[in-house]
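Report on the structure given below.
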2 protein chains.
Amino acid sequence: MNEFKKDNTEEKILIAAQSVFIEKGMDGARMQEIANHAGINKALLHYYFRTKQKLFEAIFKKVFKSILPNIMEMVHSDLPIEKKLGIFIEKYIDLLLKNPFVPTFILKEMNRDPGFLAATLKSSGIQPREILAMFEHEMEAGNIRKMDPRDLMANILGLSIFPIAAGPLLNILFFDNNKQEYERFIQKRKETVKIFILNSIML
Amino acid sequence: MNEFKKDNTEEKILIAAQSVFIEKGMDGARMQEIANHAGINKALLHYYFRTKQKLFEAIFKKVFKSILPNIMEMVHSDLPIEKKLGIFIEKYIDLLLKNPFVPTFILKEMNRDPGFLAATLKSSGIQPREILAMFEHEMEAGNIRKMDPRDLMANILGLSIFPIAAGPLLNILFFDNNKQEYERFIQKRKETVKIFILNSIML
DNA sequence: ATGTTATTTAACCAAATGGTTAAACTTTTT
DNA sequence: AAAAAGTTTAACCATTTGGTTAAATAACAT
């Protein structure tokens, strides 16, 4: 068998499925559309990934993992906390800007099937305890204000994710559908959020 | 015709449709399920709301409006800004807690059909300019720090909405699926977010 | 009571959709 | 070169789904 061709087809499918699933969600996605998008026919799609569910799960895991790695990287970096957070926020917002549909995709599907989310998390290598421990350590060392580290994490994620997930809303409400202005707003936001978070934790 | 019965059936449909649409989204919702949920059959559903699309639009508008009124109320209140914001945040988080699927529902559907979001917003009575003007006014009066009022609004919404929209994730990550602890966290959050926001804007 | 209008239902339909099958074509192995 | 294994396709199938229809029932007006 042609190893290159196989890889190529499989990857073509994964790329097509990712873009369709992210945009339309599990329920809205159509196997035919994924096949068209990948330039193959439906039977071949089923040959590679037997069912829609299996294909979806592969994509969900892939997408989920693409969003996570930075987090553990941040946790294990040995920069001072304010640098850590600053870099993380910037990189995270950049990542989201490149994948604006991802947050809503994940939010939607985590509610549709929380069990699968749990399984995905387990196999994702993310260590919630380590994240919390890292923040608690900084607090005990007197480097940042004492607070519930879960609040801190929720704040960082909320401030970064919401304006991108709710892009269409902000676009209409505050930018009269001027996408450049909106984009500029998000770009500026990398700094804004950083300052906002740092202000809230520095002593 | 029996006016009571009509109202009753129509309302039964609206209630059923709301709960099904919010949980499953436009694509995932089934007319049959809505009919069952309302205790009627499918033909009657189509008799009241000719198509799924029309029923969905009715629900989307209804749900959207249920989330908004507090905002304009806050804008037009003449309490001092810190009271205004404090009350708004508390009421808003309470509202979200009672309707945890609503944010994701709106996020998903606004991406599915931004045009319809725009139409809904227009007929919703919300005045983005007034919101921004209110914040700007407070800044010029020297009551709060100068900043982009759109950032302020995005921050308030992001901090309030995210931890509820991403409930299943936080639940697993930080609370080992202990829903009471999670609920307590969100309750405490009403205060946390308020302090967080006020800290960031007070001089 | 009787005709009229609104409400409700069971049965039905066409289109869409996830998935299968069997055969053709390629590539790899021997 | 021939057999085996892997890849690709067109045609097909069963089920689901949004939506329709025609008839029955209930409510109302006269």
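Note on naming: chains are A, B, ... as they come in the structure tokens, residues start from 1 per chain, ligands start from 1 in the order shown.
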Please, which residues in chain A fall within 9 Å of chain B when counting only C-alpha atoms, and what is the closest atom pair and distance in Å to one decimal for each, ordered by chain then residue number, as a tab-separated table?
```
residue	atom	partner	partner_atom	distance
A:Glu23	CA	B:Arg112	CA	7.9
A:Lys24	CA	B:Arg112	CA	7.3
A:Gly25	CA	B:Asp27	CA	8.7
A:Met26	CA	B:Gly28	CA	8.7
A:Asp27	CA	B:Gly28	CA	5.4
A:Gly28	CA	B:Asp27	CA	5.4
A:Phe101	CA	B:Asn111	CA	8.1
A:Thr104	CA	B:Lys108	CA	6.1
A:Phe105	CA	B:Lys108	CA	7.7
A:Ile106	CA	B:Ala166	CA	8.9
A:Leu107	CA	B:Ala166	CA	6.1
A:Lys108	CA	B:Thr104	CA	6.1
A:Met110	CA	B:Pro168	CA	6.7
A:Asn111	CA	B:Pro168	CA	6.8
A:Arg112	CA	B:Lys24	CA	7.2
A:Pro114	CA	B:Pro168	CA	6.4
A:Leu117	CA	B:Leu169	CA	7.6
A:Ala118	CA	B:Ile172	CA	6.8
A:Leu121	CA	B:Leu173	CA	8.4
A:Gln127	CA	B:Leu173	CA	8.3
A:Pro128	CA	B:Leu173	CA	5.6
A:Arg129	CA	B:Phe174	CA	7.9
A:Leu132	CA	B:Phe174	CA	8.5
A:Arg150	CA	B:Phe174	CA	7.0
A:Asp151	CA	B:Arg189	CA	7.7
A:Ala154	CA	B:Pro163	CA	6.2
A:Asn155	CA	B:Leu159	CA	5.8
A:Ile156	CA	B:Leu159	CA	8.6
A:Leu157	CA	B:Phe162	CA	7.6
A:Gly158	CA	B:Gly158	CA	4.8
A:Leu159	CA	B:Gly158	CA	5.3
A:Ser160	CA	B:Gly158	CA	8.0
A:Ile161	CA	B:Gly158	CA	7.5
A:Phe162	CA	B:Gly158	CA	5.0
A:Pro163	CA	B:Ala154	CA	6.2
A:Ala165	CA	B:Leu107	CA	6.8
A:Ala166	CA	B:Leu107	CA	6.1
A:Gly167	CA	B:Asn111	CA	8.5
A:Pro168	CA	B:Pro114	CA	6.4
A:Leu169	CA	B:Met110	CA	7.4
A:Leu170	CA	B:Ala154	CA	8.3
A:Ile172	CA	B:Ala118	CA	6.8
A:Leu173	CA	B:Pro128	CA	5.6
A:Phe174	CA	B:Pro128	CA	6.6
A:Phe185	CA	B:Asp151	CA	8.4
A:Arg189	CA	B:Asp151	CA	7.7
A:Thr192	CA	B:Asp151	CA	7.9
A:Val193	CA	B:Asn155	CA	8.6
A:Phe196	CA	B:Ser200	CA	6.9
A:Asn199	CA	B:Ser200	CA	7.5
A:Ser200	CA	B:Phe196	CA	6.9
```
task = Could you find all residues in segment 1-190 of chain A that DSSP calls alpha helix (DSSP H) from the backbone, and write them as a PyMOL selection string?
result = chain A and resi 3-28+31-38+42-48+52-67+69-76+81-98+102-112+114-122+128-140+149-165+167-175+179-190
With 12 Å as the limit and counting only C-alpha atoms (C1' of nucleotides), what residues in chain C lie close to chain A? Please list them as a short mmCIF file (atom, residue, chain, number, x, y, z; two decimals) with N, CA and C atoms (P, O5', C5', C4', C3', O3' and C1' of nucleotides), in the first residue's frame.
```cif
data_model
loop_
_atom_site.label_atom_id
_atom_site.label_comp_id
_atom_site.auth_asym_id
_atom_site.auth_seq_id
_atom_site.Cartn_x
_atom_site.Cartn_y
_atom_site.Cartn_z
P DA C 16 -33.17 17.05 -0.35
"O5'" DA C 16 -32.64 16.46 1.03
"C5'" DA C 16 -33.22 16.94 2.24
"C4'" DA C 16 -32.57 16.25 3.42
"C3'" DA C 16 -31.05 16.11 3.30
"O3'" DA C 16 -30.52 16.38 4.59
"C1'" DA C 16 -32.05 13.97 3.58
P DT C 17 -28.92 16.49 4.79
"O5'" DT C 17 -28.59 15.14 5.51
"C5'" DT C 17 -29.41 14.73 6.59
"C4'" DT C 17 -28.98 13.35 7.02
"C3'" DT C 17 -27.49 13.08 6.77
"O3'" DT C 17 -26.89 12.69 7.97
"C1'" DT C 17 -28.84 11.30 5.98
P DG C 18 -25.28 12.63 8.14
"O5'" DG C 18 -25.09 11.15 8.66
"C5'" DG C 18 -25.81 10.75 9.81
"C4'" DG C 18 -25.80 9.25 9.89
"C3'" DG C 18 -24.40 8.63 9.82
"O3'" DG C 18 -24.33 7.56 10.77
"C1'" DG C 18 -25.75 7.81 8.04
P DG C 19 -22.99 6.76 10.97
"O5'" DG C 19 -23.19 5.58 9.92
"C5'" DG C 19 -24.30 4.71 10.10
"C4'" DG C 19 -24.38 3.76 8.94
"C3'" DG C 19 -23.09 3.01 8.60
"O3'" DG C 19 -23.32 1.62 8.81
"C1'" DG C 19 -24.21 3.78 6.65
P DT C 20 -22.16 0.54 8.45
"O5'" DT C 20 -22.68 -0.06 7.08
"C5'" DT C 20 -24.02 -0.51 7.00
"C4'" DT C 20 -24.25 -1.19 5.66
"C3'" DT C 20 -23.17 -2.22 5.27
"O3'" DT C 20 -23.85 -3.41 4.88
"C1'" DT C 20 -23.47 -0.64 3.52
P DT C 21 -23.00 -4.76 4.61
"O5'" DT C 21 -23.03 -4.93 3.03
"C5'" DT C 21 -24.07 -4.32 2.29
"C4'" DT C 21 -23.85 -4.54 0.81
"C3'" DT C 21 -22.76 -5.56 0.48
"O3'" DT C 21 -23.14 -6.27 -0.69
"C1'" DT C 21 -22.19 -3.48 -0.47
P DT C 26 -6.12 2.35 -11.82
"O5'" DT C 26 -5.29 2.67 -10.50
"C5'" DT C 26 -5.41 1.75 -9.47
"C4'" DT C 26 -4.61 2.16 -8.28
"C3'" DT C 26 -3.11 2.12 -8.50
"O3'" DT C 26 -2.49 2.98 -7.55
"C1'" DT C 26 -3.78 0.29 -7.14
P DT C 27 -0.87 3.27 -7.67
"O5'" DT C 27 -0.30 2.33 -6.52
"C5'" DT C 27 -0.84 2.45 -5.20
"C4'" DT C 27 -0.37 1.29 -4.35
"C3'" DT C 27 1.13 1.00 -4.41
"O3'" DT C 27 1.62 1.10 -3.09
"C1'" DT C 27 -0.12 -1.00 -4.61
P DT C 28 3.22 0.89 -2.78
"O5'" DT C 28 3.18 -0.62 -2.24
"C5'" DT C 28 2.25 -0.95 -1.20
"C4'" DT C 28 2.36 -2.43 -0.88
"C3'" DT C 28 3.80 -2.95 -0.72
"O3'" DT C 28 3.87 -3.63 0.52
"C1'" DT C 28 2.57 -4.35 -2.21
P DT C 29 5.26 -4.33 1.01
"O5'" DT C 29 4.98 -5.86 0.67
"C5'" DT C 29 3.73 -6.44 1.04
"C4'" DT C 29 3.68 -7.90 0.58
"C3'" DT C 29 4.98 -8.68 0.80
"O3'" DT C 29 4.62 -9.94 1.35
"C1'" DT C 29 4.29 -8.86 -1.46
#
```
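Within the 10 Å cut-off around DT30 of chain C, using only C-alpha atoms (C1' of nucleotides) and omitting residues fewer than 6 positions from it on the same chain, the listed residues are DA2, DA3 and DA4 of chain D.
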Output N, CA and C atoms (P, O5', C5', C4', C3', O3' and C1' of nucleotides) of each residue in that selection to a file, as a PDB file, in the first residue's frame.
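That gives us selection_25.pdb:
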```pdb
ATOM      1  P    DA D   2       0.335 -14.646 -14.693  1.00  0.00           P
ATOM      2  O5'  DA D   2      -0.221 -15.072 -13.263  1.00  0.00           O
ATOM      3  C5'  DA D   2       0.639 -15.812 -12.386  1.00  0.00           C
ATOM      4  C4'  DA D   2       0.285 -15.525 -10.948  1.00  0.00           C
ATOM      5  C3'  DA D   2      -1.188 -15.183 -10.708  1.00  0.00           C
ATOM      6  O3'  DA D   2      -1.541 -15.735  -9.462  1.00  0.00           O
ATOM      7  C1'  DA D   2       0.118 -13.484  -9.829  1.00  0.00           C
ATOM      8  P    DA D   3      -2.920 -16.407  -9.260  1.00  0.00           P
ATOM      9  O5'  DA D   3      -3.044 -16.347  -7.667  1.00  0.00           O
ATOM     10  C5'  DA D   3      -1.880 -16.647  -6.885  1.00  0.00           C
ATOM     11  C4'  DA D   3      -1.755 -15.681  -5.737  1.00  0.00           C
ATOM     12  C3'  DA D   3      -3.062 -15.374  -5.004  1.00  0.00           C
ATOM     13  O3'  DA D   3      -2.808 -15.543  -3.630  1.00  0.00           O
ATOM     14  C1'  DA D   3      -1.916 -13.370  -5.498  1.00  0.00           C
ATOM     15  P    DA D   4      -3.924 -15.661  -2.574  1.00  0.00           P
ATOM     16  O5'  DA D   4      -3.596 -14.409  -1.647  1.00  0.00           O
ATOM     17  C5'  DA D   4      -2.228 -14.054  -1.419  1.00  0.00           C
ATOM     18  C4'  DA D   4      -2.167 -12.665  -0.799  1.00  0.00           C
ATOM     19  C3'  DA D   4      -3.373 -12.285   0.059  1.00  0.00           C
ATOM     20  O3'  DA D   4      -2.881 -11.747   1.269  1.00  0.00           O
ATOM     21  C1'  DA D   4      -2.958 -10.602  -1.558  1.00  0.00           C
TER      22       DA D   4
END
```
